[in-house]
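To start, the structure under review is shown below, and the notes come after it.
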Amino acid sequence: MVCSDTSASQSIISIKQDEDKLVPVDPTKLFGIAGEAGDRVNFTEFIIANVKLYELRNNTRLSTHAVAHLTRGELAKALRKGFFEHVQNHACECSSVQGHDFACAYACISRSLSWTERMHANEQIACAQSPYMCNLLLAGYDEKTGPSLYWMDYLATLNKINTGGTGYGAWLA
């Protein structure tokens, strides 16, 4: 059994009472997703499109295990984007033996830009792509393995579980 509330809220304000947080991936898999409304919709549509594309190209349906790992991989990829992609191509003139790490890159960029340029660069970095702020449960049934349930958070943690909850309801369960 998979169930969900239907309220969409921001802080203490209830915005909507008919939000569907259970999203079918295919006939045997279902996402139960919590988090920011835009991230929920964009991320689930992206994963569903990729699962369908795989099925069309290979004429076979992905298992629940495979969809869980695809989803986790995409969460991890989005988490790593943004500032790191921006500084990856930045030429650093420091003599660090450790290489070009995050702190070094930020310091080099900060030294080479004026205050106004730095603020504009920070805005571009923040808008490039941010992580999907959503936690989810993936429930599915496969012919060979039977039912399975996976839990993922926005930090791309993946766990196979027997029972679980996510969102505000997880605190009350």
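Residues in the structure tokens are numbered from 1 in each chain, the chains being A, B, ... in the order shown, and ligands are numbered from 1 in the order shown.
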Neighbour list for A:Phe46 as a PyMOL selection string, cut-off 12 Å, only C-alpha atoms, skip fewer than 3 positions in-chain: chain A and resi 25+39-43+49-53+70-71+74-75+132
With all heavy atoms retained, could you export that selection as a compact mmCIF listing (two decimals), in the first residue's frame?
```
# COMPACT_ATOMS: atom_id res chain seq x y z
N VAL A 25 5.36 5.81 -12.56
CA VAL A 25 6.50 5.80 -13.47
C VAL A 25 6.17 4.94 -14.68
O VAL A 25 6.41 5.32 -15.82
CB VAL A 25 7.76 5.26 -12.75
CG1 VAL A 25 8.95 5.20 -13.69
CG2 VAL A 25 8.08 6.12 -11.54
N ASP A 39 10.42 21.37 -8.16
CA ASP A 39 11.40 20.29 -8.23
C ASP A 39 10.72 18.93 -8.35
O ASP A 39 11.18 18.07 -9.07
CB ASP A 39 12.31 20.31 -7.00
CG ASP A 39 13.30 21.47 -7.03
OD1 ASP A 39 13.46 22.08 -8.10
OD2 ASP A 39 13.90 21.75 -5.99
N ARG A 40 9.62 18.75 -7.61
CA ARG A 40 8.88 17.48 -7.68
C ARG A 40 8.43 17.21 -9.10
O ARG A 40 8.65 16.13 -9.64
CB ARG A 40 7.63 17.55 -6.78
CG ARG A 40 7.80 17.08 -5.41
CD ARG A 40 6.48 16.82 -4.70
NE ARG A 40 5.33 17.58 -5.12
CZ ARG A 40 4.83 18.59 -4.44
NH1 ARG A 40 5.38 19.00 -3.33
NH2 ARG A 40 3.75 19.21 -4.87
N VAL A 41 7.80 18.19 -9.71
CA VAL A 41 7.25 18.01 -11.06
C VAL A 41 8.37 17.83 -12.09
O VAL A 41 8.36 16.89 -12.89
CB VAL A 41 6.33 19.19 -11.45
CG1 VAL A 41 5.92 19.13 -12.89
CG2 VAL A 41 5.12 19.22 -10.53
N ASN A 42 9.35 18.72 -12.07
CA ASN A 42 10.44 18.65 -13.06
C ASN A 42 11.22 17.35 -12.94
O ASN A 42 11.53 16.72 -13.95
CB ASN A 42 11.39 19.84 -12.90
CG ASN A 42 10.78 21.13 -13.38
OD1 ASN A 42 9.87 21.13 -14.20
ND2 ASN A 42 11.27 22.22 -12.86
N PHE A 43 11.55 16.96 -11.72
CA PHE A 43 12.36 15.77 -11.55
C PHE A 43 11.61 14.50 -11.94
O PHE A 43 12.14 13.65 -12.64
CB PHE A 43 12.88 15.67 -10.11
CG PHE A 43 13.83 14.53 -9.91
CD1 PHE A 43 15.05 14.53 -10.56
CD2 PHE A 43 13.50 13.46 -9.11
CE1 PHE A 43 15.94 13.47 -10.39
CE2 PHE A 43 14.37 12.42 -8.94
CZ PHE A 43 15.60 12.42 -9.58
N ALA A 49 10.39 10.33 -18.31
CA ALA A 49 10.73 10.42 -19.74
C ALA A 49 11.93 9.53 -20.07
O ALA A 49 11.94 8.85 -21.10
CB ALA A 49 11.03 11.86 -20.12
N ASN A 50 12.94 9.50 -19.19
CA ASN A 50 14.12 8.67 -19.43
C ASN A 50 13.81 7.19 -19.31
O ASN A 50 14.35 6.37 -20.05
CB ASN A 50 15.26 9.07 -18.50
CG ASN A 50 15.98 10.27 -19.02
OD1 ASN A 50 16.69 10.21 -20.01
ND2 ASN A 50 15.79 11.40 -18.36
N VAL A 51 12.93 6.82 -18.39
CA VAL A 51 12.52 5.41 -18.25
C VAL A 51 11.77 4.97 -19.51
O VAL A 51 12.01 3.89 -20.04
CB VAL A 51 11.68 5.21 -16.97
CG1 VAL A 51 11.00 3.86 -16.95
CG2 VAL A 51 12.55 5.39 -15.72
N LYS A 52 10.85 5.82 -19.99
CA LYS A 52 10.11 5.49 -21.21
C LYS A 52 11.02 5.44 -22.43
O LYS A 52 10.86 4.58 -23.30
CB LYS A 52 8.97 6.49 -21.43
CG LYS A 52 7.84 6.31 -20.46
CD LYS A 52 6.71 7.26 -20.72
CE LYS A 52 5.60 7.00 -19.70
NZ LYS A 52 4.52 7.97 -19.80
N LEU A 53 11.98 6.36 -22.50
CA LEU A 53 12.93 6.36 -23.60
C LEU A 53 13.74 5.07 -23.62
O LEU A 53 13.94 4.45 -24.67
CB LEU A 53 13.87 7.57 -23.51
CG LEU A 53 14.92 7.68 -24.60
CD1 LEU A 53 14.27 7.86 -25.96
CD2 LEU A 53 15.86 8.85 -24.29
N LEU A 70 18.92 4.66 -11.38
CA LEU A 70 18.87 5.75 -12.34
C LEU A 70 18.48 7.05 -11.62
O LEU A 70 19.12 8.10 -11.81
CB LEU A 70 17.86 5.45 -13.45
CG LEU A 70 17.49 6.62 -14.36
CD1 LEU A 70 18.65 6.99 -15.28
CD2 LEU A 70 16.26 6.32 -15.17
N THR A 71 17.46 6.98 -10.80
CA THR A 71 16.98 8.14 -10.05
C THR A 71 18.05 8.67 -9.12
O THR A 71 18.31 9.86 -9.06
CB THR A 71 15.72 7.77 -9.25
OG1 THR A 71 14.75 7.22 -10.15
CG2 THR A 71 15.14 8.97 -8.55
N GLU A 74 20.76 10.51 -11.08
CA GLU A 74 20.35 11.84 -11.54
C GLU A 74 20.30 12.84 -10.38
O GLU A 74 20.64 14.01 -10.55
CB GLU A 74 19.01 11.78 -12.27
CG GLU A 74 19.08 11.03 -13.58
CD GLU A 74 20.09 11.62 -14.56
OE1 GLU A 74 20.30 12.85 -14.58
OE2 GLU A 74 20.68 10.83 -15.33
N LEU A 75 19.88 12.38 -9.19
CA LEU A 75 19.91 13.26 -8.02
C LEU A 75 21.35 13.65 -7.69
O LEU A 75 21.64 14.81 -7.38
CB LEU A 75 19.28 12.56 -6.80
CG LEU A 75 17.76 12.51 -6.75
CD1 LEU A 75 17.31 11.58 -5.63
CD2 LEU A 75 17.18 13.89 -6.54
N TYR A 132 17.84 19.08 -6.99
CA TYR A 132 16.40 18.90 -6.85
C TYR A 132 16.11 18.71 -5.37
O TYR A 132 16.61 17.79 -4.75
CB TYR A 132 15.93 17.65 -7.62
CG TYR A 132 16.10 17.77 -9.11
CD1 TYR A 132 17.11 17.09 -9.77
CD2 TYR A 132 15.23 18.55 -9.85
CE1 TYR A 132 17.25 17.18 -11.15
CE2 TYR A 132 15.36 18.65 -11.23
CZ TYR A 132 16.37 17.96 -11.86
OH TYR A 132 16.50 18.05 -13.22
```
Which residues, written as an mmCIF file with all heavy atoms, in the first residue's frame, have at least one atom at most 6 Å from A:Tyr154, with only C-alpha atoms counted and residues fewer than 6 positions away on the same chain left out?
```cif
data_model
loop_
_atom_site.group_PDB
_atom_site.id
_atom_site.type_symbol
_atom_site.label_atom_id
_atom_site.label_comp_id
_atom_site.auth_asym_id
_atom_site.auth_seq_id
_atom_site.Cartn_x
_atom_site.Cartn_y
_atom_site.Cartn_z
ATOM 1 N N MET A 133 15.302 19.601 -4.814
ATOM 2 C CA MET A 133 14.982 19.531 -3.392
ATOM 3 C C MET A 133 13.737 18.665 -3.198
ATOM 4 O O MET A 133 12.644 19.158 -2.958
ATOM 5 C CB MET A 133 14.763 20.937 -2.825
ATOM 6 C CG MET A 133 15.979 21.828 -2.942
ATOM 7 S SD MET A 133 17.446 21.154 -2.164
ATOM 8 C CE MET A 133 17.023 21.276 -0.470
ATOM 9 N N CYS A 134 13.921 17.364 -3.333
ATOM 10 C CA CYS A 134 12.807 16.452 -3.140
ATOM 11 C C CYS A 134 13.311 15.125 -2.584
ATOM 12 O O CYS A 134 14.399 14.673 -2.906
ATOM 13 C CB CYS A 134 12.023 16.245 -4.431
ATOM 14 S SG CYS A 134 12.989 15.760 -5.845
ATOM 15 N N ASN A 135 12.517 14.562 -1.709
ATOM 16 C CA ASN A 135 12.760 13.230 -1.162
ATOM 17 C C ASN A 135 11.688 12.326 -1.735
ATOM 18 O O ASN A 135 10.567 12.759 -1.965
ATOM 19 C CB ASN A 135 12.671 13.245 0.362
ATOM 20 C CG ASN A 135 13.668 14.196 0.980
ATOM 21 O OD1 ASN A 135 14.740 14.425 0.448
ATOM 22 N ND2 ASN A 135 13.306 14.771 2.105
#
```
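Those residues of stretch 22-54 of chain A that DSSP, working from the backbone, places in strand (DSSP E) are A:Leu22, A:Val23, A:Pro24, A:Val25, A:Asp26, A:Lys29, A:Leu30, A:Phe31, A:Gly32, A:Ile33, A:Ala34, A:Gly35.
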Write to file, as a PDB file, in the first residue's frame, the residues of the selection just made, with N, CA, C and O atoms.
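part-v6.pdb written:
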```pdb
ATOM      1  N   LEU A  22       1.673  11.234  -5.637  1.00  0.00           N
ATOM      2  CA  LEU A  22       1.922   9.867  -6.098  1.00  0.00           C
ATOM      3  C   LEU A  22       1.961   9.901  -7.613  1.00  0.00           C
ATOM      4  O   LEU A  22       0.968  10.230  -8.267  1.00  0.00           O
ATOM      5  N   VAL A  23       3.122   9.572  -8.176  1.00  0.00           N
ATOM      6  CA  VAL A  23       3.318   9.710  -9.618  1.00  0.00           C
ATOM      7  C   VAL A  23       3.678   8.350 -10.203  1.00  0.00           C
ATOM      8  O   VAL A  23       4.709   7.781  -9.849  1.00  0.00           O
ATOM      9  N   PRO A  24       2.855   7.802 -11.095  1.00  0.00           N
ATOM     10  CA  PRO A  24       3.205   6.529 -11.724  1.00  0.00           C
ATOM     11  C   PRO A  24       4.366   6.685 -12.702  1.00  0.00           C
ATOM     12  O   PRO A  24       4.364   7.573 -13.543  1.00  0.00           O
ATOM     13  N   VAL A  25       5.355   5.807 -12.559  1.00  0.00           N
ATOM     14  CA  VAL A  25       6.503   5.795 -13.470  1.00  0.00           C
ATOM     15  C   VAL A  25       6.173   4.941 -14.676  1.00  0.00           C
ATOM     16  O   VAL A  25       6.410   5.324 -15.816  1.00  0.00           O
ATOM     17  N   ASP A  26       5.645   3.773 -14.431  1.00  0.00           N
ATOM     18  CA  ASP A  26       5.127   2.874 -15.454  1.00  0.00           C
ATOM     19  C   ASP A  26       4.062   2.012 -14.776  1.00  0.00           C
ATOM     20  O   ASP A  26       3.747   2.246 -13.614  1.00  0.00           O
ATOM     21  N   LYS A  29       5.444   0.626 -11.313  1.00  0.00           N
ATOM     22  CA  LYS A  29       6.267   1.445 -10.424  1.00  0.00           C
ATOM     23  C   LYS A  29       5.594   2.774 -10.131  1.00  0.00           C
ATOM     24  O   LYS A  29       4.902   3.331 -10.975  1.00  0.00           O
ATOM     25  N   LEU A  30       5.858   3.281  -8.911  1.00  0.00           N
ATOM     26  CA  LEU A  30       5.195   4.496  -8.460  1.00  0.00           C
ATOM     27  C   LEU A  30       6.148   5.305  -7.582  1.00  0.00           C
ATOM     28  O   LEU A  30       6.810   4.745  -6.710  1.00  0.00           O
ATOM     29  N   PHE A  31       6.222   6.611  -7.834  1.00  0.00           N
ATOM     30  CA  PHE A  31       6.962   7.520  -6.968  1.00  0.00           C
ATOM     31  C   PHE A  31       6.006   8.126  -5.957  1.00  0.00           C
ATOM     32  O   PHE A  31       4.930   8.587  -6.316  1.00  0.00           O
ATOM     33  N   GLY A  32       6.393   8.147  -4.706  1.00  0.00           N
ATOM     34  CA  GLY A  32       5.763   8.958  -3.676  1.00  0.00           C
ATOM     35  C   GLY A  32       6.778  10.039  -3.361  1.00  0.00           C
ATOM     36  O   GLY A  32       7.850   9.744  -2.855  1.00  0.00           O
ATOM     37  N   ILE A  33       6.477  11.288  -3.677  1.00  0.00           N
ATOM     38  CA  ILE A  33       7.512  12.320  -3.655  1.00  0.00           C
ATOM     39  C   ILE A  33       7.099  13.508  -2.791  1.00  0.00           C
ATOM     40  O   ILE A  33       5.951  13.907  -2.787  1.00  0.00           O
ATOM     41  N   ALA A  34       8.057  14.019  -2.032  1.00  0.00           N
ATOM     42  CA  ALA A  34       7.838  15.180  -1.165  1.00  0.00           C
ATOM     43  C   ALA A  34       8.917  16.210  -1.450  1.00  0.00           C
ATOM     44  O   ALA A  34      10.044  15.857  -1.785  1.00  0.00           O
ATOM     45  N   GLY A  35       8.580  17.470  -1.316  1.00  0.00           N
ATOM     46  CA  GLY A  35       9.561  18.528  -1.530  1.00  0.00           C
ATOM     47  C   GLY A  35       8.949  19.712  -2.252  1.00  0.00           C
ATOM     48  O   GLY A  35       7.726  19.842  -2.343  1.00  0.00           O
TER      49      GLY A  35
END
```
Between atom CA of A:Lys77 and atom CA of A:Ile48 - distance in Å to one decimal: 16.7 Å
Polymer residues at most 10 Å from A:Asn162, only C-alpha atoms, same-chain spacing of 5 or more positions, as a VMD selection string: chain A and resid 147 to 151
Output for the residues just chosen: all heavy atoms as a JSON list (two decimals), in the first residue's frame:
```json
[["chain", "number", "residue", "atom", "x", "y", "z"],
["A", 147, "PRO", "N", 7.72, -7.49, -4.83],
["A", 147, "PRO", "CA", 7.60, -6.08, -4.47],
["A", 147, "PRO", "C", 8.89, -5.54, -3.84],
["A", 147, "PRO", "O", 9.63, -6.27, -3.17],
["A", 147, "PRO", "CB", 6.46, -6.06, -3.45],
["A", 147, "PRO", "CG", 6.45, -7.43, -2.88],
["A", 147, "PRO", "CD", 6.92, -8.35, -3.96],
["A", 148, "SER", "N", 9.15, -4.26, -4.07],
["A", 148, "SER", "CA", 10.30, -3.61, -3.44],
["A", 148, "SER", "C", 10.00, -2.14, -3.22],
["A", 148, "SER", "O", 9.17, -1.55, -3.89],
["A", 148, "SER", "CB", 11.56, -3.79, -4.29],
["A", 148, "SER", "OG", 11.36, -3.33, -5.59],
["A", 149, "LEU", "N", 10.69, -1.58, -2.24],
["A", 149, "LEU", "CA", 10.50, -0.18, -1.86],
["A", 149, "LEU", "C", 11.86, 0.45, -1.63],
["A", 149, "LEU", "O", 12.70, -0.11, -0.91],
["A", 149, "LEU", "CB", 9.64, -0.09, -0.59],
["A", 149, "LEU", "CG", 9.33, 1.30, -0.04],
["A", 149, "LEU", "CD1", 8.47, 2.09, -1.03],
["A", 149, "LEU", "CD2", 8.61, 1.17, 1.30],
["A", 150, "TYR", "N", 12.10, 1.60, -2.24],
["A", 150, "TYR", "CA", 13.36, 2.33, -2.10],
["A", 150, "TYR", "C", 13.07, 3.73, -1.59],
["A", 150, "TYR", "O", 12.10, 4.36, -2.01],
["A", 150, "TYR", "CB", 14.09, 2.43, -3.44],
["A", 150, "TYR", "CG", 14.60, 1.11, -3.95],
["A", 150, "TYR", "CD1", 13.79, 0.29, -4.73],
["A", 150, "TYR", "CD2", 15.88, 0.68, -3.65],
["A", 150, "TYR", "CE1", 14.26, -0.92, -5.20],
["A", 150, "TYR", "CE2", 16.36, -0.53, -4.13],
["A", 150, "TYR", "CZ", 15.53, -1.33, -4.89],
["A", 150, "TYR", "OH", 15.99, -2.53, -5.36],
["A", 151, "TRP", "N", 13.94, 4.21, -0.71],
["A", 151, "TRP", "CA", 13.85, 5.57, -0.18],
["A", 151, "TRP", "C", 15.06, 6.37, -0.66],
["A", 151, "TRP", "O", 16.18, 5.87, -0.61],
["A", 151, "TRP", "CB", 13.82, 5.54, 1.34],
["A", 151, "TRP", "CG", 13.83, 6.89, 1.97],
["A", 151, "TRP", "CD1", 12.75, 7.69, 2.21],
["A", 151, "TRP", "CD2", 14.97, 7.61, 2.45],
["A", 151, "TRP", "NE1", 13.16, 8.87, 2.79],
["A", 151, "TRP", "CE2", 14.52, 8.83, 2.96],
["A", 151, "TRP", "CE3", 16.34, 7.34, 2.49],
["A", 151, "TRP", "CZ2", 15.38, 9.78, 3.50],
["A", 151, "TRP", "CZ3", 17.19, 8.28, 3.02],
["A", 151, "TRP", "CH2", 16.71, 9.48, 3.53]]
```
A:Pro27, A:Gly38, A:Gly140, A:Pro131 ranked by distance to A:Thr64, top pick (using only C-alpha atoms): A:Gly140
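Between atom CA of A:Gly165 and atom CA of A:Ser130 there is a distance of 24.6 Å.
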Computed interatomic separation between atom CA of A:Gly73 and atom CA of A:Thr163 (Å): 22.5 Å
